[in-house]
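Structure file coords.cif (mmCIF, C-alpha atoms) is printed below.
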data_data
#
loop_
_atom_site.label_atom_id
_atom_site.label_comp_id
_atom_site.auth_asym_id
_atom_site.auth_seq_id
_atom_site.Cartn_x
_atom_site.Cartn_y
_atom_site.Cartn_z
CA MET A 1 13.23 -48.51 -49.98
CA GLU A 2 15.06 -45.99 -52.19
CA PHE A 3 16.89 -44.53 -49.22
CA ARG A 4 17.86 -47.98 -47.95
CA LEU A 5 19.34 -48.81 -51.35
CA TYR A 6 21.23 -45.51 -51.21
CA LEU A 7 22.55 -46.47 -47.76
CA LEU A 8 23.55 -49.91 -49.01
CA GLN A 9 25.53 -48.37 -51.85
CA ARG A 10 27.38 -46.04 -49.45
CA ILE A 11 28.11 -48.86 -47.01
CA THR A 12 29.50 -51.11 -49.77
CA ALA A 13 31.72 -48.21 -50.87
CA LEU A 14 33.05 -47.99 -47.31
CA ILE A 15 33.76 -51.72 -47.38
CA MET A 16 35.51 -51.58 -50.77
CA ALA A 17 37.83 -48.68 -50.01
CA PRO A 18 40.08 -50.35 -47.38
CA LEU A 19 40.03 -53.64 -49.32
CA VAL A 20 41.30 -51.90 -52.48
CA ILE A 21 44.04 -50.13 -50.52
CA CYS A 22 45.03 -53.40 -48.85
CA HIS A 23 45.00 -55.23 -52.21
CA ILE A 24 47.30 -52.67 -53.86
CA ALA A 25 49.60 -52.46 -50.82
CA VAL A 26 50.02 -56.24 -50.64
CA MET A 27 50.53 -56.45 -54.39
CA ILE A 28 53.34 -53.86 -54.30
CA TYR A 29 54.89 -55.48 -51.24
CA ALA A 30 54.65 -59.04 -52.61
CA ILE A 31 56.46 -58.42 -55.89
CA GLN A 32 59.44 -56.59 -54.36
CA GLY A 33 61.56 -59.74 -54.42
CA GLY A 34 60.41 -60.81 -57.89
CA LEU A 35 57.56 -63.07 -56.86
CA SER A 36 56.02 -65.05 -59.73
CA ALA A 37 52.30 -65.65 -60.35
CA GLY A 38 52.79 -69.27 -59.44
CA GLU A 39 54.35 -68.36 -56.10
CA ILE A 40 51.49 -65.92 -55.35
CA LEU A 41 48.89 -68.56 -56.16
CA GLY A 42 50.80 -70.95 -53.94
CA ARG A 43 50.16 -68.61 -51.02
CA THR A 44 46.53 -67.76 -51.82
CA GLN A 45 45.21 -71.19 -52.78
CA GLY A 46 43.65 -72.92 -49.83
CA SER A 47 43.78 -69.73 -47.75
CA VAL A 48 40.50 -69.02 -45.92
CA PRO A 49 41.50 -65.40 -45.02
CA TRP A 50 42.24 -64.55 -48.67
CA ALA A 51 39.01 -66.24 -49.75
CA MET A 52 37.10 -64.07 -47.27
CA PHE A 53 39.06 -60.97 -48.26
CA TYR A 54 38.36 -61.24 -51.99
CA GLY A 55 34.94 -62.80 -51.48
CA THR A 56 33.86 -59.79 -49.41
CA PHE A 57 35.25 -57.48 -52.08
CA VAL A 58 33.33 -59.24 -54.87
CA VAL A 59 30.05 -59.09 -52.94
CA ALA A 60 30.58 -55.39 -52.15
CA VAL A 61 31.43 -54.60 -55.79
CA SER A 62 28.41 -56.51 -57.07
CA VAL A 63 26.00 -54.63 -54.80
CA HIS A 64 27.68 -51.26 -55.27
CA ALA A 65 27.90 -51.42 -59.06
CA ALA A 66 24.39 -52.82 -59.52
CA LEU A 67 22.91 -49.97 -57.47
CA GLY A 68 25.05 -47.35 -59.21
CA LEU A 69 24.14 -48.58 -62.69
CA ARG A 70 20.50 -48.74 -61.62
CA ILE A 71 20.51 -44.99 -61.01
CA ILE A 72 22.37 -44.26 -64.25
CA VAL A 73 20.04 -46.27 -66.50
CA ARG A 74 16.99 -44.83 -64.77
CA GLU A 75 18.11 -41.25 -65.37
CA TRP A 76 19.80 -41.65 -68.75
CA VAL A 77 17.89 -44.49 -70.42
CA GLY A 78 14.55 -44.06 -68.67
CA LEU A 79 14.17 -47.63 -67.44
CA ASP A 80 11.63 -48.02 -64.67
CA GLY A 81 9.58 -50.54 -62.72
CA ILE A 82 10.14 -54.25 -63.20
CA VAL A 83 12.56 -53.72 -66.11
CA LEU A 84 14.78 -51.58 -63.89
CA THR A 85 14.60 -54.12 -61.07
CA GLY A 86 15.45 -56.93 -63.51
CA PHE A 87 18.40 -54.98 -64.87
CA SER A 88 19.71 -54.37 -61.33
CA TRP A 89 19.45 -58.01 -60.33
CA ALA A 90 21.04 -59.16 -63.61
CA THR A 91 23.97 -56.79 -63.03
CA PHE A 92 24.33 -58.03 -59.45
CA TRP A 93 24.29 -61.73 -60.33
CA GLY A 94 26.52 -61.21 -63.38
CA LEU A 95 29.22 -59.42 -61.38
CA LEU A 96 28.86 -61.84 -58.46
CA SER A 97 29.29 -64.90 -60.67
CA MET A 98 32.26 -63.48 -62.60
CA GLY A 99 33.89 -62.22 -59.41
CA GLY A 100 33.16 -65.49 -57.62
CA TYR A 101 34.75 -67.41 -60.49
CA ALA A 102 37.89 -65.24 -60.23
CA VAL A 103 38.08 -65.66 -56.44
CA ALA A 104 37.67 -69.42 -56.80
CA ALA A 105 40.54 -69.46 -59.29
CA VAL A 106 42.80 -67.62 -56.86
CA VAL A 107 41.94 -69.38 -53.62
CA VAL A 108 40.67 -72.82 -54.68
CA GLY A 109 42.82 -73.52 -57.68
CA PRO A 110 42.23 -75.12 -61.06
CA MET B 111 19.41 10.12 -67.31
CA THR B 112 20.32 7.08 -69.36
CA THR B 113 20.38 7.27 -73.13
CA ALA B 114 20.30 4.62 -75.83
CA GLN B 115 23.88 3.84 -76.93
CA ASP B 116 23.40 1.21 -79.62
CA HIS B 117 21.43 -1.96 -80.17
CA MET B 118 21.86 -5.59 -79.25
CA GLN B 119 20.58 -8.76 -80.86
CA VAL B 120 18.09 -10.55 -78.59
CA THR B 121 16.53 -13.88 -79.50
CA VAL B 122 13.48 -14.88 -77.50
CA TRP B 123 11.72 -18.23 -77.29
CA ARG B 124 8.19 -18.08 -78.66
CA GLY B 125 5.55 -20.75 -78.51
CA GLY B 126 2.83 -22.27 -76.39
CA ALA B 127 2.31 -25.50 -74.54
CA ASP B 128 0.92 -27.45 -77.47
CA GLU B 129 2.94 -26.07 -80.35
CA ALA B 130 6.49 -26.26 -81.58
CA GLY B 131 8.45 -23.24 -80.42
CA PHE B 132 11.02 -21.12 -82.18
CA TYR B 133 13.45 -18.32 -81.42
CA GLN B 134 12.44 -14.85 -82.62
CA ALA B 135 15.07 -12.15 -83.07
CA PHE B 136 14.68 -8.56 -81.92
CA GLN B 137 16.94 -5.51 -82.04
CA VAL B 138 16.76 -3.90 -78.62
CA PRO B 139 18.38 -0.56 -77.68
CA LYS B 140 21.07 -0.76 -75.02
CA TYR B 141 21.00 1.39 -71.91
CA ASP B 142 23.22 1.82 -68.89
CA SER B 143 22.40 -0.50 -65.97
CA GLN B 144 19.88 -2.35 -68.10
CA THR B 145 18.54 -5.63 -66.72
CA VAL B 146 17.41 -8.67 -68.71
CA LEU B 147 13.87 -8.02 -67.47
CA ASP B 148 14.13 -4.48 -68.88
CA VAL B 149 15.01 -6.04 -72.25
CA VAL B 150 12.03 -8.40 -72.17
CA ALA B 151 9.72 -5.55 -71.09
CA TRP B 152 11.05 -3.33 -73.91
CA ILE B 153 10.25 -6.02 -76.47
CA GLN B 154 6.75 -6.51 -75.09
CA GLN B 155 6.04 -2.77 -74.93
CA ASN B 156 7.70 -1.68 -78.18
CA ALA B 157 8.12 -4.61 -80.55
CA ASP B 158 5.58 -7.35 -79.89
CA PRO B 159 2.78 -6.91 -77.31
CA THR B 160 1.88 -10.60 -77.58
CA LEU B 161 5.09 -11.65 -75.81
CA SER B 162 4.20 -13.41 -72.54
CA TYR B 163 6.45 -13.39 -69.50
CA ARG B 164 6.07 -13.23 -65.74
CA PHE B 165 7.34 -10.69 -63.24
CA ALA B 166 6.06 -8.88 -60.16
CA CYS B 167 8.35 -7.06 -57.75
CA ARG B 168 11.31 -6.14 -60.02
CA VAL B 169 13.60 -6.03 -56.97
CA GLY B 170 14.60 -9.66 -56.44
CA MET B 171 12.09 -10.59 -53.78
CA CYS B 172 9.15 -12.35 -55.43
CA GLY B 173 10.93 -15.02 -57.49
CA SER B 174 8.63 -14.60 -60.51
CA CYS B 175 10.97 -13.55 -63.30
CA GLY B 176 13.28 -16.56 -63.63
CA MET B 177 14.33 -17.30 -67.24
CA MET B 178 17.14 -19.00 -69.10
CA VAL B 179 19.56 -16.32 -70.27
CA ASN B 180 22.23 -17.54 -72.69
CA GLY B 181 21.62 -21.06 -71.39
CA VAL B 182 21.88 -20.17 -67.70
CA PRO B 183 18.95 -19.79 -65.27
CA ARG B 184 18.78 -16.24 -63.88
CA TRP B 185 16.51 -13.94 -61.91
CA THR B 186 16.15 -11.47 -64.74
CA CYS B 187 15.16 -8.41 -62.70
CA ARG B 188 18.54 -8.37 -60.96
CA THR B 189 20.68 -9.59 -63.84
CA HIS B 190 22.48 -6.82 -65.67
CA VAL B 191 22.74 -7.27 -69.42
CA ASP B 192 26.42 -6.25 -69.40
CA ARG B 193 27.27 -9.18 -67.10
CA VAL B 194 25.65 -11.91 -69.16
CA MET B 195 25.87 -10.77 -72.78
CA ASP B 196 27.46 -13.33 -75.04
CA ARG B 197 29.03 -12.11 -78.32
CA GLY B 198 26.96 -8.96 -78.15
CA GLY B 199 23.64 -10.73 -77.78
CA LEU B 200 21.15 -12.39 -75.48
CA LYS B 201 19.26 -15.63 -75.93
CA ILE B 202 16.27 -15.74 -73.59
CA ALA B 203 14.17 -18.86 -73.00
CA PRO B 204 11.68 -20.14 -70.40
CA LEU B 205 13.11 -21.84 -67.31
CA ARG B 206 14.34 -25.37 -67.96
CA ASN B 207 12.66 -28.43 -66.37
CA LEU B 208 9.23 -26.79 -66.25
CA PRO B 209 6.37 -27.01 -68.77
CA VAL B 210 5.90 -23.89 -70.88
CA ILE B 211 2.59 -22.06 -70.77
CA LYS B 212 3.47 -19.51 -73.43
CA ASP B 213 6.71 -17.87 -74.55
CA LEU B 214 8.74 -17.13 -71.40
CA ALA B 215 6.06 -18.04 -68.86
CA THR B 216 6.36 -21.51 -67.34
CA ASN B 217 3.87 -23.53 -65.36
CA MET B 218 5.42 -23.67 -61.90
CA ASP B 219 2.88 -26.13 -60.48
CA PRO B 220 5.30 -29.11 -60.52
CA PHE B 221 7.84 -27.00 -58.64
CA PHE B 222 5.43 -25.97 -55.89
CA ASP B 223 3.75 -29.39 -55.76
CA LYS B 224 7.12 -30.84 -54.83
CA TRP B 225 7.45 -28.37 -51.97
CA THR B 226 4.31 -29.95 -50.54
CA GLN B 227 5.50 -33.48 -51.31
CA ALA B 228 8.76 -32.76 -49.47
CA GLY B 229 6.84 -31.90 -46.30
CA GLY B 230 7.53 -28.22 -46.79
CA LEU B 231 4.51 -27.11 -44.77
CA HIS B 232 4.79 -25.79 -41.25
CA HIS B 233 3.64 -28.45 -38.82
CA GLY B 234 2.50 -26.44 -35.85
CA THR B 235 2.48 -27.73 -32.29
CA ALA B 236 0.96 -24.82 -30.42
CA THR B 237 -2.17 -22.70 -30.43
CA ARG B 238 -2.43 -18.92 -30.23
CA HIS B 239 -2.93 -19.27 -26.49
CA ASP B 240 0.42 -20.94 -25.94
CA PRO B 241 3.56 -18.94 -25.19
CA PHE B 242 6.06 -18.32 -27.99
CA GLU B 243 8.59 -21.07 -28.65
CA PRO B 244 11.95 -19.76 -27.50
CA VAL B 245 14.38 -19.79 -30.45
CA THR B 246 18.08 -19.51 -29.75
CA HIS B 247 19.73 -18.03 -32.80
CA SER B 248 23.11 -19.38 -31.81
CA SER B 249 21.97 -23.01 -31.70
CA PRO B 250 23.43 -25.23 -34.48
CA GLY B 251 19.97 -26.22 -35.74
CA ARG B 252 18.84 -22.62 -35.99
CA ALA B 253 22.07 -21.71 -37.80
CA ASP B 254 21.37 -24.46 -40.37
CA ALA B 255 17.79 -23.27 -40.79
CA ASP B 256 18.86 -19.63 -41.12
CA ALA B 257 21.37 -20.58 -43.83
CA GLY B 258 18.63 -21.80 -46.10
CA ILE B 259 15.66 -19.70 -45.15
CA GLU B 260 16.05 -16.80 -47.60
CA CYS B 261 14.79 -18.83 -50.57
CA ILE B 262 12.48 -16.74 -52.79
CA ASN B 263 11.02 -19.76 -54.71
CA CYS B 264 12.32 -18.53 -58.05
CA ALA B 265 13.00 -22.09 -59.35
CA VAL B 266 16.42 -21.08 -60.70
CA CYS B 267 17.97 -24.02 -58.83
CA TYR B 268 15.27 -26.33 -60.17
CA ALA B 269 16.03 -25.22 -63.73
CA ALA B 270 19.77 -25.60 -63.14
CA CYS B 271 19.54 -29.14 -61.77
CA ASP B 272 20.50 -31.92 -64.20
CA THR B 273 19.08 -34.52 -61.79
CA VAL B 274 15.63 -32.96 -62.17
CA THR B 275 16.08 -33.23 -65.94
CA GLY B 276 16.99 -36.92 -65.68
CA ASP B 277 14.47 -37.88 -63.00
CA PRO B 278 11.12 -36.07 -63.13
CA ASP B 279 10.22 -37.53 -59.72
CA TYR B 280 13.17 -35.85 -58.03
CA LEU B 281 11.91 -33.28 -55.52
CA GLY B 282 14.58 -30.80 -56.48
CA PRO B 283 16.92 -28.47 -54.58
CA ALA B 284 14.42 -25.82 -53.43
CA ALA B 285 11.89 -28.25 -51.94
CA LEU B 286 14.63 -30.19 -50.15
CA ASN B 287 16.25 -26.99 -48.93
CA ARG B 288 12.90 -25.95 -47.50
CA ALA B 289 12.51 -29.36 -45.83
CA TRP B 290 15.96 -28.97 -44.27
CA THR B 291 15.05 -25.61 -42.75
CA LEU B 292 11.94 -27.19 -41.20
CA VAL B 293 13.85 -30.24 -39.90
CA ASN B 294 15.99 -27.72 -38.00
CA ASP B 295 13.11 -25.54 -36.89
CA ALA B 296 12.37 -25.90 -33.18
CA LYS B 297 8.79 -24.78 -33.84
CA ASP B 298 8.05 -27.59 -36.32
CA GLY B 299 6.37 -30.65 -34.82
CA SER B 300 6.74 -33.27 -37.58
CA ARG B 301 10.43 -33.85 -38.08
CA ASP B 302 9.87 -37.55 -38.78
CA ALA B 303 7.11 -36.83 -41.29
CA ILE B 304 9.46 -34.51 -43.19
CA LEU B 305 12.27 -37.07 -43.15
CA ASP B 306 9.81 -39.72 -44.41
CA ALA B 307 8.81 -37.37 -47.22
CA VAL B 308 12.37 -36.60 -48.31
CA THR B 309 13.59 -40.21 -48.30
CA GLY B 310 10.94 -41.68 -50.58
CA SER B 311 11.21 -42.04 -54.33
CA GLY B 312 12.89 -38.95 -55.77
CA GLY B 313 14.07 -37.86 -52.32
CA CYS B 314 17.34 -36.41 -51.08
CA GLN B 315 19.25 -39.59 -51.96
CA SER B 316 18.76 -38.80 -55.66
CA CYS B 317 21.01 -35.72 -55.43
CA HIS B 318 24.39 -36.31 -57.10
CA SER B 319 25.96 -33.22 -55.48
CA MET B 320 26.73 -31.63 -58.84
CA GLY B 321 26.24 -28.22 -57.24
CA SER B 322 24.45 -26.32 -60.01
CA CYS B 323 21.84 -25.23 -57.45
CA ALA B 324 24.48 -23.61 -55.27
CA GLN B 325 26.26 -22.10 -58.27
CA TYR B 326 23.21 -20.38 -59.74
CA CYS B 327 21.08 -19.56 -56.67
CA PRO B 328 20.58 -15.79 -56.98
CA ASN B 329 20.44 -15.44 -53.19
CA GLU B 330 23.69 -17.38 -52.84
CA LEU B 331 22.08 -20.14 -50.81
CA ASN B 332 23.54 -23.64 -50.88
CA PRO B 333 20.73 -26.18 -51.38
CA MET B 334 23.35 -28.87 -52.02
CA ALA B 335 24.59 -28.43 -48.42
CA SER B 336 21.00 -28.58 -47.15
CA ILE B 337 20.44 -31.83 -49.06
CA ALA B 338 23.67 -33.23 -47.62
CA GLY B 339 22.30 -32.35 -44.18
CA LEU B 340 19.09 -34.23 -44.95
CA LYS B 341 21.12 -37.26 -46.10
CA ARG B 342 23.16 -37.25 -42.88
CA THR B 343 20.11 -36.84 -40.66
CA ALA B 344 18.11 -39.51 -42.51
CA MET B 345 21.12 -41.86 -42.41
CA LYS B 346 21.45 -41.50 -38.64
CA ARG B 347 17.74 -42.10 -38.28
CA ALA B 348 17.92 -45.23 -40.48
CA PHE B 349 20.74 -46.64 -38.33
CA ARG B 350 18.49 -46.15 -35.31
CA GLY B 351 15.98 -48.41 -37.03
CA ARG B 352 13.58 -45.85 -38.55
#

Write out the structure in this file as structure tokens.
Amino acid sequence: MEFRLYLLQRITALIMAPLVICHIAVMIYAIQGGLSAGEILGRTQGSVPWAMFYGTFVVAVSVHAALGLRIIVREWVGLDGIVLTGFSWATFWGLLSMGGYAVAAVVVGP
Amino acid sequence: MTTAQDHMQVTVWRGGADEAGFYQAFQVPKYDSQTVLDVVAWIQQNADPTLSYRFACRVGMCGSCGMMVNGVPRWTCRTHVDRVMDRGGLKIAPLRNLPVIKDLATNMDPFFDKWTQAGGLHHGTATRHDPFEPVTHSSPGRADADAGIECINCAVCYAACDTVTGDPDYLGPAALNRAWTLVNDAKDGSRDAILDAVTGSGGCQSCHSMGSCAQYCPNELNPMASIAGLKRTAMKRAFRGR
């Protein structure tokens, strides 16, 4: 189980890396002509590809960060057992809900 | 013949398993080519015969004399005082991450228990009547095994490892290095059993690659590289469904 969690954290890192690069590249490219926030939202809202792009990123971040923090609090705070599992799940669902809310704002609209 | 030049200030950890310890100061004469183990022996023979410490071979082979010297784990029989002296003095303590028996002697049971837990036993496949297993020294697996096989079990890497400090279940660099040599040993018959052992709780995945093991290993081995090898091998095995 521990090794599978380790693998999952590495795999989510591999997923995040190209998405971050793509996000920054598109951001730099998109503002070259002075694009406003409203114009950007006009392109992203209702877009299934952008919803999948940022949705995938949010899921990967939620898994990756929850597993990373799990290791840190186990070694530094000494959490263990069901408390540690509860902390990990709370971190995962917290990040997923906040990230999901942000993605919904960008691709679904107000 | 070496002669005493002057003296140095040496503070030594004193105390047993069930009592609060303290540092005791000694003035020890300095000699040419003096090792830290020489200093400890001088104190025990000339200043305080109740000082407890462990040593055996005095030539860097047995791995008995590991101690913290000015905060760094060292094999004391091969560590020259001149190389490690800090502001004219030495501060000597028992190895970190291991329970203290008395003074500078630690209980190394947890260290060796983890060797067993990591599958660090030879899993034979042949009897004395079988022919010798041919071993090709140029094969990649044998090269990996040879790179880690000179471990003397001194526990310097174990004392240096911050992950061991943070996670008492972590098997530690030496046990995992040993497991890696066996995974690459053509004569060992339980590769999967070893990989099972090193991927459980406290296994190779707990290593954060901080590299203290490789930095302080007195034999200049690189347990961090061995652990990385275990991670790669176990990862490939996991993707194959094991």

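Residues matched by the PyMOL selection byres ((chain A) within 7 of (chain B)) in this file: A:Glu2, A:Phe3, A:Tyr6, A:Glu75, A:Trp76.
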
Selected residues written out with C-alpha atoms, as a short mmCIF file (atom, residue, chain, number, x, y, z; two decimals), keeping the file's coordinate frame:
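The result, written out as part-v7.cif:
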data_model
loop_
_atom_site.label_atom_id
_atom_site.label_comp_id
_atom_site.auth_asym_id
_atom_site.auth_seq_id
_atom_site.Cartn_x
_atom_site.Cartn_y
_atom_site.Cartn_z
CA GLU A 2 15.06 -45.99 -52.19
CA PHE A 3 16.89 -44.53 -49.22
CA TYR A 6 21.23 -45.51 -51.21
CA GLU A 75 18.11 -41.25 -65.37
CA TRP A 76 19.80 -41.65 -68.75
#

Inset, instruction - Can you work out the spacing between CA of Arg74 (chain A) and CA of Gly282 (chain B) in Å, to one decimal? - result: 16.5 Å

Inset, instruction - Choose the residue, out of B:Ala324, B:Arg188, B:Trp290, B:Lys297, that has the smallest atom-to-atom separation from Arg342 (chain B); count only C-alpha atoms. - result: B:Trp290

Inset, instruction - Taking the file as shown, find all residues satisfying the PyMOL selection byres ((chain A and resi 14-21) around 8) and write them as a ChimeraX atom specification. - result: /A:10-13,22-25,53,57,60-61

Emit as lines of an AutoDock Vina configuration file the padded axis-aligned box for all listed atoms of region 280-293 of chain B, 4 Å per side, with centre and edge lengths in Å to one decimal.
center_x = 14.4
center_y = -30.7
center_z = -49.0
size_x = 13.0
size_y = 18.2
size_z = 26.1

Inset, instruction - Rank A:Val77, A:Leu41, A:Ile71, A:Val59 by their smallest atom-to-atom distance to Val106 (chain A), using all atoms listed in the file, and report the top residue only. - result: A:Leu41

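Compared by their closest atoms to Gly198 (chain B), and using only C-alpha atoms, the residues B:Ala284, B:Val138, B:Ala265, B:Met334 rank with B:Val138 nearest.
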
Inset, instruction - List the residues selected by the PyMOL selection byres ((chain A and resi 104) around 12) in the file shown, writing them as a PyMOL selection string. - result: chain A and resi 41+44-48+50-52+54-55+58+96-103+105-110

Inset, instruction - Would you mind listing what lies within 12 Å of region 176-182 of chain B as a ChimeraX atom specification, with all atoms listed in the file counted and same-chain residues fewer than 6 positions away left out? - result: /B:120-123,145-147,149-150,163-166,168,170,188-191,193-208,210,213-218,262-271,322-323,325-328

Inset, instruction - Write out as a PyMOL selection string each polymer residue whose atoms come within 10 Å of Val293 (chain B), counting only C-alpha atoms; drop sequence neighbours fewer than 6 positions from it. - result: chain B and resi 229-230+251-252+254-255+287+299-305+339-340+343

Excluding Trp89 (chain A) and any residue of its chain fewer than 5 positions from it, enumerate the residues within 9 Å of it, using all atoms listed in the file, and give them as an mmCIF file with C-alpha atoms, in the frame of the given file.
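Saved as result-v5.cif:
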data_model
loop_
_atom_site.group_PDB
_atom_site.id
_atom_site.type_symbol
_atom_site.label_atom_id
_atom_site.label_comp_id
_atom_site.auth_asym_id
_atom_site.auth_seq_id
_atom_site.Cartn_x
_atom_site.Cartn_y
_atom_site.Cartn_z
ATOM 1 C CA ALA A 66 24.390 -52.820 -59.520
ATOM 2 C CA LEU A 84 14.780 -51.580 -63.890
ATOM 3 C CA GLY A 94 26.520 -61.210 -63.380
#

Legend entry - Interatomic distance, CA of Thr56 (chain A) to CA of Ala90 (chain A) (Å, one decimal): 19.1 Å

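Interatomic distance, CA of Lys212 (chain B) against CA of Gln119 (chain B): 21.5 Å.
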
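Nearest to Arg4 (chain A) of all the residues A:Leu67, A:Trp93, A:Ile82, A:Val26 is A:Leu67, based on all atoms listed in the file.
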